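Source file: protein-v7.tsv; contents: TSV, C-alpha atoms.
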```
chain	number	residue	atom	x	y	z
P	1	MET	CA	148.75	270.06	-20.00
P	2	LEU	CA	150.27	272.80	-17.85
P	3	GLU	CA	146.87	273.55	-16.34
P	4	LEU	CA	146.42	269.92	-15.33
P	5	ALA	CA	149.93	269.69	-13.80
P	6	LEU	CA	149.36	272.88	-11.83
P	7	PHE	CA	146.06	271.48	-10.58
P	8	TYR	CA	147.68	268.30	-9.27
P	9	ILE	CA	150.49	270.24	-7.59
P	10	ALA	CA	148.03	272.62	-5.91
P	11	ALA	CA	145.78	269.74	-4.87
P	12	SER	CA	148.65	267.81	-3.24
P	13	VAL	CA	149.87	270.95	-1.46
P	14	ALA	CA	146.34	271.55	-0.15
P	15	LEU	CA	145.94	267.97	1.08
P	16	PHE	CA	149.38	267.77	2.73
P	17	ALA	CA	148.98	271.16	4.38
P	18	THR	CA	145.55	270.22	5.73
P	19	VAL	CA	146.80	266.90	7.12
P	20	LEU	CA	149.72	268.68	8.79
P	21	ALA	CA	147.37	271.35	10.17
P	22	MET	CA	145.12	268.72	11.73
P	23	THR	CA	148.00	266.88	13.39
P	24	ARG	CA	149.94	269.80	14.91
P	25	THR	CA	149.94	270.31	18.67
P	26	ASN	CA	150.76	274.01	18.51
P	27	ALA	CA	147.72	276.06	17.44
P	28	ILE	CA	149.73	278.75	15.63
P	29	HIS	CA	151.66	276.18	13.58
P	30	ALA	CA	148.38	274.52	12.62
P	31	LEU	CA	147.01	277.90	11.59
P	32	ILE	CA	149.97	278.61	9.30
P	33	TYR	CA	149.50	275.23	7.58
P	34	LEU	CA	145.79	275.98	7.23
P	35	ILE	CA	146.61	279.28	5.50
P	36	VAL	CA	148.90	277.42	3.06
P	37	SER	CA	146.04	275.00	2.37
P	38	LEU	CA	143.62	277.88	1.72
P	39	LEU	CA	146.09	279.51	-0.69
P	40	ALA	CA	146.44	276.20	-2.57
P	41	ILE	CA	142.64	275.91	-2.81
P	42	ALA	CA	142.56	279.46	-4.18
P	43	VAL	CA	144.95	278.30	-6.92
P	44	ILE	CA	142.55	275.44	-7.72
P	45	PHE	CA	139.65	277.93	-7.94
P	46	PHE	CA	141.67	280.02	-10.36
P	47	LEU	CA	142.54	276.99	-12.51
P	48	ILE	CA	138.95	275.77	-12.86
P	49	GLY	CA	137.81	279.18	-14.05
P	50	ALA	CA	136.60	281.03	-10.95
P	51	PRO	CA	139.02	283.98	-10.51
P	52	PHE	CA	136.55	285.96	-8.40
P	53	ALA	CA	136.17	283.08	-5.94
P	54	ALA	CA	139.96	282.70	-5.81
P	55	ALA	CA	140.38	286.35	-4.84
P	56	LEU	CA	137.65	286.09	-2.20
P	57	GLU	CA	139.21	282.92	-0.79
P	58	ILE	CA	142.48	284.77	-0.19
P	59	VAL	CA	140.97	288.05	1.01
P	60	ILE	CA	138.28	286.69	3.33
P	61	TYR	CA	139.43	283.20	4.38
P	62	ALA	CA	143.21	283.60	4.52
P	63	GLY	CA	143.02	287.31	5.29
P	64	ALA	CA	140.15	287.93	7.66
P	65	ILE	CA	139.06	284.64	9.25
P	66	MET	CA	142.58	283.35	9.93
P	67	VAL	CA	143.62	286.69	11.43
P	68	LEU	CA	140.64	286.37	13.80
P	69	PHE	CA	142.00	282.95	14.85
P	70	VAL	CA	145.49	284.39	15.37
P	71	PHE	CA	144.16	287.20	17.59
P	72	VAL	CA	142.12	284.83	19.76
P	73	ILE	CA	145.07	282.44	20.15
P	74	MET	CA	147.23	285.41	21.15
P	75	MET	CA	144.62	286.49	23.74
P	76	LEU	CA	144.40	282.97	25.18
P	77	ASN	CA	148.18	282.73	25.56
P	78	LEU	CA	148.38	278.92	25.48
P	79	GLY	CA	151.57	277.65	27.05
P	80	GLU	CA	153.77	274.60	26.84
P	81	GLU	CA	151.48	272.52	29.05
P	82	GLY	CA	148.69	272.84	26.46
P	83	ASP	CA	151.15	271.56	23.86
P	84	ALA	CA	152.07	268.56	25.98
P	85	ARG	CA	148.43	267.72	26.64
P	86	GLU	CA	147.60	267.82	22.92
P	87	ARG	CA	150.55	265.56	22.17
P	88	GLN	CA	149.30	263.08	24.73
P	89	LEU	CA	145.82	263.11	23.18
P	90	LEU	CA	147.11	262.36	19.66
P	91	GLN	CA	147.95	258.70	20.29
P	92	PRO	CA	147.02	256.06	17.66
P	93	HIS	CA	144.47	254.35	19.93
P	94	ILE	CA	142.55	257.64	20.06
P	95	TRP	CA	142.35	258.28	16.35
P	96	LEU	CA	142.34	254.75	14.90
P	97	GLY	CA	138.59	254.11	15.28
P	98	PRO	CA	137.37	257.37	13.72
P	99	ALA	CA	140.02	257.06	11.01
P	100	ILE	CA	138.82	253.61	9.92
P	101	LEU	CA	135.15	254.69	9.94
P	102	SER	CA	135.80	257.81	7.86
P	103	LEU	CA	138.04	255.84	5.52
P	104	VAL	CA	135.09	253.55	4.71
P	105	LEU	CA	132.87	256.57	3.96
P	106	LEU	CA	135.68	258.16	1.91
P	107	VAL	CA	136.11	255.07	-0.27
P	108	GLU	CA	132.34	254.89	-0.90
P	109	LEU	CA	132.20	258.57	-1.84
P	110	LEU	CA	135.28	258.35	-4.10
P	111	TYR	CA	133.74	255.35	-5.87
P	112	LEU	CA	130.51	257.29	-6.50
P	113	ILE	CA	132.38	260.37	-7.74
P	114	SER	CA	134.55	258.29	-10.10
P	115	THR	CA	131.46	257.71	-12.28
P	116	VAL	CA	131.21	261.46	-13.01
P	117	GLU	CA	132.35	262.47	-16.49
P	118	GLY	CA	133.39	265.72	-18.13
P	119	PRO	CA	135.70	268.66	-17.54
P	120	ALA	CA	135.35	271.07	-14.62
P	121	SER	CA	135.95	274.18	-16.67
P	122	SER	CA	134.76	274.99	-20.15
P	123	GLY	CA	135.65	278.66	-19.72
P	124	SER	CA	135.82	281.02	-16.79
P	125	VAL	CA	132.83	282.58	-15.05
P	126	SER	CA	133.40	286.32	-14.85
P	127	PRO	CA	132.73	288.41	-11.72
P	128	LYS	CA	130.06	290.25	-13.74
P	129	ASP	CA	128.04	287.05	-14.19
P	130	VAL	CA	128.37	286.34	-10.47
P	131	GLY	CA	127.14	289.83	-9.60
P	132	LEU	CA	124.21	289.60	-11.99
P	133	ALA	CA	123.16	286.23	-10.52
P	134	LEU	CA	123.70	287.45	-6.96
P	135	PHE	CA	121.47	290.52	-7.26
P	136	GLY	CA	119.04	288.95	-9.74
P	137	PRO	CA	117.56	285.54	-8.89
P	138	TYR	CA	119.53	285.19	-5.63
P	139	VAL	CA	118.67	288.53	-4.02
P	140	ILE	CA	116.71	286.83	-1.23
P	141	ALA	CA	119.88	284.86	-0.36
P	142	VAL	CA	121.75	288.16	-0.01
P	143	GLU	CA	119.09	289.35	2.46
P	144	ILE	CA	119.36	286.11	4.44
P	145	ALA	CA	123.18	286.39	4.49
P	146	SER	CA	122.91	289.97	5.77
P	147	MET	CA	120.63	288.84	8.61
P	148	LEU	CA	123.04	285.99	9.39
P	149	LEU	CA	125.99	288.37	9.56
P	150	LEU	CA	124.02	290.78	11.75
P	151	SER	CA	123.14	287.98	14.18
P	152	GLY	CA	126.78	286.87	14.15
P	153	LEU	CA	127.86	290.41	14.94
P	154	VAL	CA	125.38	290.77	17.81
P	155	GLY	CA	126.23	287.33	19.18
P	156	SER	CA	129.99	287.80	19.14
P	157	TYR	CA	129.68	291.29	20.62
P	158	HIS	CA	127.54	289.92	23.44
P	159	LEU	CA	129.96	287.08	24.19
P	160	GLY	CA	133.08	289.23	23.87
P	161	ARG	CA	131.79	292.19	25.87
P	162	ARG	CA	131.18	290.10	28.98
P	163	PHE	CA	134.65	288.67	28.56
P	164	LEU	CA	136.19	292.16	28.54
P	165	ASP	CA	134.02	293.57	31.35
P	166	ARG	CA	134.97	291.00	33.97
P	167	GLY	CA	138.62	290.94	32.91
P	168	LEU	CA	140.85	287.97	32.23
T	1	MET	CA	141.21	273.85	-24.55
T	2	GLN	CA	138.42	271.38	-23.85
T	3	GLU	CA	140.63	268.28	-23.50
T	4	LEU	CA	143.24	270.11	-21.41
T	5	ALA	CA	140.77	271.23	-18.74
T	6	VAL	CA	140.80	269.72	-15.26
T	7	PRO	CA	138.42	266.72	-15.01
T	8	LEU	CA	135.44	267.37	-12.75
T	9	ASN	CA	135.78	264.14	-10.81
T	10	HIS	CA	139.38	264.94	-9.87
T	11	VAL	CA	138.30	268.24	-8.33
T	12	LEU	CA	135.55	266.38	-6.49
T	13	PHE	CA	138.15	263.82	-5.27
T	14	VAL	CA	140.18	266.65	-3.74
T	15	SER	CA	137.05	268.13	-2.18
T	16	THR	CA	136.06	264.75	-0.71
T	17	LEU	CA	139.53	264.14	0.70
T	18	LEU	CA	139.60	267.59	2.30
T	19	PHE	CA	136.15	267.02	3.79
T	20	THR	CA	137.23	263.67	5.24
T	21	ILE	CA	140.40	265.17	6.73
T	22	GLY	CA	138.29	267.90	8.32
T	23	MET	CA	135.79	265.36	9.66
T	24	LEU	CA	138.63	263.24	11.10
T	25	GLY	CA	140.11	266.32	12.74
T	26	LEU	CA	136.71	267.14	14.21
T	27	MET	CA	136.46	263.64	15.70
T	28	ILE	CA	139.97	263.16	17.07
T	29	ARG	CA	140.80	266.61	18.45
T	30	ARG	CA	139.67	267.76	21.90
T	31	ASN	CA	140.89	271.36	21.74
T	32	ILE	CA	138.05	273.69	20.71
T	33	ILE	CA	140.40	275.81	18.57
T	34	PHE	CA	141.22	272.74	16.48
T	35	ILE	CA	137.54	271.80	16.34
T	36	LEU	CA	136.75	275.22	14.85
T	37	MET	CA	139.63	274.85	12.37
T	38	SER	CA	138.28	271.44	11.28
T	39	LEU	CA	134.87	273.04	10.69
T	40	GLU	CA	136.58	275.63	8.49
T	41	VAL	CA	138.25	272.88	6.47
T	42	MET	CA	134.93	271.07	6.00
T	43	LEU	CA	133.11	274.26	4.90
T	44	ASN	CA	135.95	275.01	2.52
T	45	ALA	CA	135.80	271.52	1.01
T	46	SER	CA	132.08	271.87	0.31
T	47	ALA	CA	132.73	275.31	-1.22
T	48	LEU	CA	135.28	273.68	-3.53
T	49	ALA	CA	132.64	271.15	-4.65
T	50	PHE	CA	130.19	273.99	-5.38
T	51	ILE	CA	132.76	275.94	-7.41
T	52	ALA	CA	133.70	272.80	-9.37
T	53	ALA	CA	130.05	272.09	-10.18
T	54	GLY	CA	129.48	275.73	-11.19
T	55	ALA	CA	132.54	275.59	-13.47
T	56	HIS	CA	131.36	272.31	-14.97
T	57	TRP	CA	128.12	273.84	-16.20
T	58	GLY	CA	129.60	277.29	-16.81
T	59	GLN	CA	127.06	278.93	-14.50
T	60	ALA	CA	127.58	281.61	-11.85
T	61	ASP	CA	125.34	279.80	-9.30
T	62	GLY	CA	128.26	277.86	-7.83
T	63	GLN	CA	130.11	281.05	-6.97
T	64	VAL	CA	126.95	282.61	-5.50
T	65	ILE	CA	126.67	279.67	-3.11
T	66	PHE	CA	130.39	280.05	-2.40
T	67	LEU	CA	129.72	283.63	-1.26
T	68	LEU	CA	126.97	282.36	1.05
T	69	ILE	CA	129.30	279.69	2.49
T	70	LEU	CA	131.90	282.40	3.04
T	71	SER	CA	129.46	284.53	5.06
T	72	ILE	CA	128.33	281.49	7.05
T	73	ALA	CA	131.97	280.68	7.85
T	74	ALA	CA	132.64	284.26	8.96
T	75	ALA	CA	129.58	284.40	11.24
T	76	GLU	CA	130.30	280.94	12.65
T	77	VAL	CA	133.92	281.78	13.43
T	78	ALA	CA	133.00	285.08	15.09
T	79	VAL	CA	130.50	283.44	17.44
T	80	GLY	CA	132.70	280.35	17.92
T	81	LEU	CA	135.74	282.36	18.97
T	82	GLY	CA	133.56	284.42	21.35
T	83	LEU	CA	132.54	281.12	22.92
T	84	VAL	CA	136.21	280.07	23.09
T	85	LEU	CA	137.00	283.16	25.16
T	86	GLN	CA	134.08	282.43	27.50
T	87	ILE	CA	135.08	278.77	27.90
T	88	GLN	CA	138.69	279.71	28.62
T	89	LYS	CA	137.55	282.19	31.26
T	90	ARG	CA	135.06	279.82	32.90
T	91	PHE	CA	136.89	276.48	32.81
T	92	LYS	CA	140.53	277.67	32.52
T	93	THR	CA	141.02	275.13	29.73
T	94	LEU	CA	140.17	274.62	26.06
T	95	ASP	CA	139.72	270.86	26.47
T	96	MET	CA	136.15	269.95	25.54
T	97	ASP	CA	136.27	266.84	27.74
T	98	ASP	CA	136.33	269.18	30.75
T	99	ALA	CA	133.39	271.23	29.49
T	100	ASN	CA	130.94	268.53	28.38
T	101	ARG	CA	128.33	268.88	31.11
T	102	MET	CA	125.18	270.93	30.65
T	103	ARG	CA	123.88	273.07	33.47
T	104	GLY	CA	120.81	275.29	33.35
```

Kindly present the structure from the file in structure tokens form.
Amino acid sequence: MLELALFYIAASVALFATVLAMTRTNAIHALIYLIVSLLAIAVIFFLIGAPFAAALEIVIYAGAIMVLFVFVIMMLNLGEEGDARERQLLQPHIWLGPAILSLVLLVELLYLISTVEGPASSGSVSPKDVGLALFGPYVIAVEIASMLLLSGLVGSYHLGRRFLDRGL
Amino acid sequence: MQELAVPLNHVLFVSTLLFTIGMLGLMIRRNIIFILMSLEVMLNASALAFIAAGAHWGQADGQVIFLLILSIAAAEVAVGLGLVLQIQKRFKTLDMDDANRMRG
């Protein structure tokens, strides 16, 4: 029973934090809410029996990716006028159309998912199983991920180097 | 233990809701920083669905795909934020409405 209660608490925290993150005008405030949402999702991972994924969610998402966002926002040095402009763009007549359309899709998807039966966790999947699967049948995926990360590294270095050379 | 576990469809509900919030954010925001954040939320929601499915069948495959999604997110954010710096330098704004014209 405790597991289920913890799941609902973590799920509501994640949803509220994400909604707040998407509606902030200040980028740093939105980022902090996004980190709270990621931590709540890590709790959900832990509860449904994926402790390794929970640790990675905190270390890589909340730790590395969000810090990258923080550094870029600090470099951009957005001022008050950016804040005011965002506030002006978040009027109901801007978001009402997309909101209704995605609400329709959401209701359809929720209806389809509600036919699914069974528990999410019948025991936890250990990091050892993940490692064995990763370097056994999925070893080609590891190679593809390494190429993806290399191209990401080269691409971001190329874009960032020109930014630093010519100055701000 | 079995009857106390979290139902699969509830985890999928949360994942769907997060994905929809991310998609809405993607559609209504004009600032490229918020667009990148919405993409992160959407990737994270799909990762949650993968983990839930992997936990449902007790297989490690869901977490393997989660690792791949994680590396995709990292690469995408690195390139995306490099582009943000370039756009800020070139257009002096992060508003995508001011940077929506293609030029060879």

### Message
Env of segment 35-37 of chain P: 8 Å cut, atoms = all atoms listed in the file, seq-sep filter 4 positions within chain, self excluded. Answer as a list in words.
### Response
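Contacts, in chain order: Val13, Ala14, Leu15, Phe16, Ala17, Thr18, Leu31, Ile41, Ala62 and Met66 of chain P.
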
### Coordinates-based distance that separates atom CA of Val130 of chain P from atom CA of Ala60 of chain T (Å, one decimal)
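Those two atoms sit 5.0 Å apart.
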
### Query
Which protein, DNA or RNA residues are at most 10 Å from (135.3, 278.3, -20.0) in the file's coordinates when you count only C-alpha atoms, listed as a list of chain:residue names?
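Protein and nucleic acid residues near the point are P:Ile48, P:Gly49, P:Ala50, P:Pro119, P:Ala120, P:Ser121, P:Ser122, P:Gly123, P:Ser124, P:Val125, P:Ser126, T:Met1, T:Gln2, T:Ala5, T:Ala55, T:His56, T:Trp57, T:Gly58, T:Gln59.
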
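Among the candidates T:Leu8, T:Val84, T:Lys89, T:Met42, the residue lying nearest to Leu24 of chain T is T:Met42 (atoms considered: only C-alpha atoms).
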
#### Entry: Which residue of T:Ala47, T:Leu39, T:Ser71, T:Met96 approaches chain P most closely, using all atoms listed in the file
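Ranking T:Ala47, T:Leu39, T:Ser71, T:Met96 by distance to chain P, first place goes to T:Ser71.
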
### Query
Which one of P:Leu153, P:Val104, P:Met1, P:Ala54 sits closest to Phe66 of chain T if you count all atoms listed in the file?
P:Ala54

### Task
Find the residues near Leu94 of chain T: any atom within 8 Å, counting only C-alpha atoms, skip ones fewer than 5 places away on the same chain, and give them as a ChimeraX atom specification.
/T:31-33,84,87-88

### Task
List the residues sitting within 12 Å of (137.2, 265.1, 15.0) in the file's frame, using all atoms listed in the file, as a PyMOL selection string.
(chain P and resi 22-23+90+94-99+101-102) or (chain T and resi 19-39+41-42+96)

Please export segment 3-15 of chain P as a PDB file, in the first residue's frame, restricted to all heavy atoms.
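Generated file (part-v2.pdb):
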```pdb
ATOM      1  N   GLU P   3       3.852   1.547  -1.178  1.00  0.00           N
ATOM      2  CA  GLU P   3       4.466   1.707  -2.492  1.00  0.00           C
ATOM      3  C   GLU P   3       3.551   2.485  -3.427  1.00  0.00           C
ATOM      4  O   GLU P   3       3.966   3.414  -4.119  1.00  0.00           O
ATOM      5  CB  GLU P   3       4.736   0.311  -3.048  1.00  0.00           C
ATOM      6  CG  GLU P   3       5.779   0.226  -4.121  1.00  0.00           C
ATOM      7  CD  GLU P   3       6.008  -1.210  -4.533  1.00  0.00           C
ATOM      8  OE1 GLU P   3       6.085  -2.076  -3.635  1.00  0.00           O
ATOM      9  OE2 GLU P   3       6.070  -1.455  -5.721  1.00  0.00           O
ATOM     10  N   LEU P   4       2.248   2.096  -3.390  1.00  0.00           N
ATOM     11  CA  LEU P   4       1.271   2.730  -4.270  1.00  0.00           C
ATOM     12  C   LEU P   4       1.096   4.206  -3.908  1.00  0.00           C
ATOM     13  O   LEU P   4       1.060   5.071  -4.781  1.00  0.00           O
ATOM     14  CB  LEU P   4      -0.052   1.978  -4.120  1.00  0.00           C
ATOM     15  CG  LEU P   4      -0.932   1.896  -5.361  1.00  0.00           C
ATOM     16  CD1 LEU P   4      -0.129   1.332  -6.507  1.00  0.00           C
ATOM     17  CD2 LEU P   4      -2.128   1.014  -5.077  1.00  0.00           C
ATOM     18  N   ALA P   5       1.004   4.501  -2.582  1.00  0.00           N
ATOM     19  CA  ALA P   5       0.845   5.891  -2.139  1.00  0.00           C
ATOM     20  C   ALA P   5       2.043   6.727  -2.564  1.00  0.00           C
ATOM     21  O   ALA P   5       1.886   7.844  -3.077  1.00  0.00           O
ATOM     22  CB  ALA P   5       0.670   5.928  -0.618  1.00  0.00           C
ATOM     23  N   LEU P   6       3.241   6.164  -2.381  1.00  0.00           N
ATOM     24  CA  LEU P   6       4.445   6.894  -2.781  1.00  0.00           C
ATOM     25  C   LEU P   6       4.440   7.166  -4.285  1.00  0.00           C
ATOM     26  O   LEU P   6       4.839   8.235  -4.737  1.00  0.00           O
ATOM     27  CB  LEU P   6       5.690   6.095  -2.402  1.00  0.00           C
ATOM     28  CG  LEU P   6       6.059   6.077  -0.929  1.00  0.00           C
ATOM     29  CD1 LEU P   6       7.244   5.163  -0.709  1.00  0.00           C
ATOM     30  CD2 LEU P   6       6.386   7.469  -0.449  1.00  0.00           C
ATOM     31  N   PHE P   7       3.960   6.181  -5.054  1.00  0.00           N
ATOM     32  CA  PHE P   7       3.897   6.373  -6.502  1.00  0.00           C
ATOM     33  C   PHE P   7       2.989   7.539  -6.868  1.00  0.00           C
ATOM     34  O   PHE P   7       3.345   8.398  -7.675  1.00  0.00           O
ATOM     35  CB  PHE P   7       3.412   5.094  -7.192  1.00  0.00           C
ATOM     36  CG  PHE P   7       3.047   5.309  -8.631  1.00  0.00           C
ATOM     37  CD1 PHE P   7       4.037   5.487  -9.581  1.00  0.00           C
ATOM     38  CD2 PHE P   7       1.724   5.367  -9.023  1.00  0.00           C
ATOM     39  CE1 PHE P   7       3.712   5.703 -10.903  1.00  0.00           C
ATOM     40  CE2 PHE P   7       1.394   5.583 -10.343  1.00  0.00           C
ATOM     41  CZ  PHE P   7       2.388   5.753 -11.280  1.00  0.00           C
ATOM     42  N   TYR P   8       1.791   7.588  -6.224  1.00  0.00           N
ATOM     43  CA  TYR P   8       0.872   8.679  -6.589  1.00  0.00           C
ATOM     44  C   TYR P   8       1.428  10.034  -6.178  1.00  0.00           C
ATOM     45  O   TYR P   8       1.278  11.017  -6.898  1.00  0.00           O
ATOM     46  CB  TYR P   8      -0.512   8.431  -5.977  1.00  0.00           C
ATOM     47  CG  TYR P   8      -1.220   7.280  -6.628  1.00  0.00           C
ATOM     48  CD1 TYR P   8      -1.688   6.204  -5.905  1.00  0.00           C
ATOM     49  CD2 TYR P   8      -1.372   7.252  -8.011  1.00  0.00           C
ATOM     50  CE1 TYR P   8      -2.296   5.136  -6.516  1.00  0.00           C
ATOM     51  CE2 TYR P   8      -1.980   6.189  -8.638  1.00  0.00           C
ATOM     52  CZ  TYR P   8      -2.440   5.131  -7.884  1.00  0.00           C
ATOM     53  OH  TYR P   8      -3.023   4.080  -8.501  1.00  0.00           O
ATOM     54  N   ILE P   9       2.092  10.081  -5.006  1.00  0.00           N
ATOM     55  CA  ILE P   9       2.680  11.358  -4.572  1.00  0.00           C
ATOM     56  C   ILE P   9       3.751  11.798  -5.567  1.00  0.00           C
ATOM     57  O   ILE P   9       3.764  12.942  -6.045  1.00  0.00           O
ATOM     58  CB  ILE P   9       3.272  11.217  -3.154  1.00  0.00           C
ATOM     59  CG1 ILE P   9       2.155  10.983  -2.145  1.00  0.00           C
ATOM     60  CG2 ILE P   9       4.051  12.466  -2.772  1.00  0.00           C
ATOM     61  CD1 ILE P   9       2.663  10.597  -0.774  1.00  0.00           C
ATOM     62  N   ALA P  10       4.648  10.860  -5.929  1.00  0.00           N
ATOM     63  CA  ALA P  10       5.730  11.212  -6.854  1.00  0.00           C
ATOM     64  C   ALA P  10       5.177  11.618  -8.211  1.00  0.00           C
ATOM     65  O   ALA P  10       5.655  12.570  -8.840  1.00  0.00           O
ATOM     66  CB  ALA P  10       6.678  10.028  -7.005  1.00  0.00           C
ATOM     67  N   ALA P  11       4.118  10.915  -8.659  1.00  0.00           N
ATOM     68  CA  ALA P  11       3.536  11.235  -9.963  1.00  0.00           C
ATOM     69  C   ALA P  11       2.923  12.621  -9.951  1.00  0.00           C
ATOM     70  O   ALA P  11       3.099  13.403 -10.899  1.00  0.00           O
ATOM     71  CB  ALA P  11       2.484  10.189 -10.327  1.00  0.00           C
ATOM     72  N   SER P  12       2.201  12.976  -8.862  1.00  0.00           N
ATOM     73  CA  SER P  12       1.602  14.323  -8.844  1.00  0.00           C
ATOM     74  C   SER P  12       2.664  15.393  -8.745  1.00  0.00           C
ATOM     75  O   SER P  12       2.544  16.444  -9.392  1.00  0.00           O
ATOM     76  CB  SER P  12       0.565  14.469  -7.735  1.00  0.00           C
ATOM     77  OG  SER P  12       0.594  13.425  -6.843  1.00  0.00           O
ATOM     78  N   VAL P  13       3.729  15.133  -7.975  1.00  0.00           N
ATOM     79  CA  VAL P  13       4.824  16.118  -7.911  1.00  0.00           C
ATOM     80  C   VAL P  13       5.430  16.313  -9.303  1.00  0.00           C
ATOM     81  O   VAL P  13       5.663  17.442  -9.745  1.00  0.00           O
ATOM     82  CB  VAL P  13       5.893  15.658  -6.903  1.00  0.00           C
ATOM     83  CG1 VAL P  13       7.145  16.494  -7.040  1.00  0.00           C
ATOM     84  CG2 VAL P  13       5.379  15.753  -5.494  1.00  0.00           C
ATOM     85  N   ALA P  14       5.657  15.211 -10.010  1.00  0.00           N
ATOM     86  CA  ALA P  14       6.253  15.302 -11.346  1.00  0.00           C
ATOM     87  C   ALA P  14       5.362  16.108 -12.284  1.00  0.00           C
ATOM     88  O   ALA P  14       5.837  16.994 -13.013  1.00  0.00           O
ATOM     89  CB  ALA P  14       6.484  13.905 -11.911  1.00  0.00           C
ATOM     90  N   LEU P  15       4.043  15.836 -12.249  1.00  0.00           N
ATOM     91  CA  LEU P  15       3.143  16.528 -13.179  1.00  0.00           C
ATOM     92  C   LEU P  15       3.050  18.010 -12.850  1.00  0.00           C
ATOM     93  O   LEU P  15       3.156  18.869 -13.741  1.00  0.00           O
ATOM     94  CB  LEU P  15       1.757  15.880 -13.137  1.00  0.00           C
ATOM     95  CG  LEU P  15       1.705  14.487 -13.769  1.00  0.00           C
ATOM     96  CD1 LEU P  15       0.375  13.824 -13.494  1.00  0.00           C
ATOM     97  CD2 LEU P  15       1.942  14.571 -15.254  1.00  0.00           C
TER      98      LEU P  15
END
```
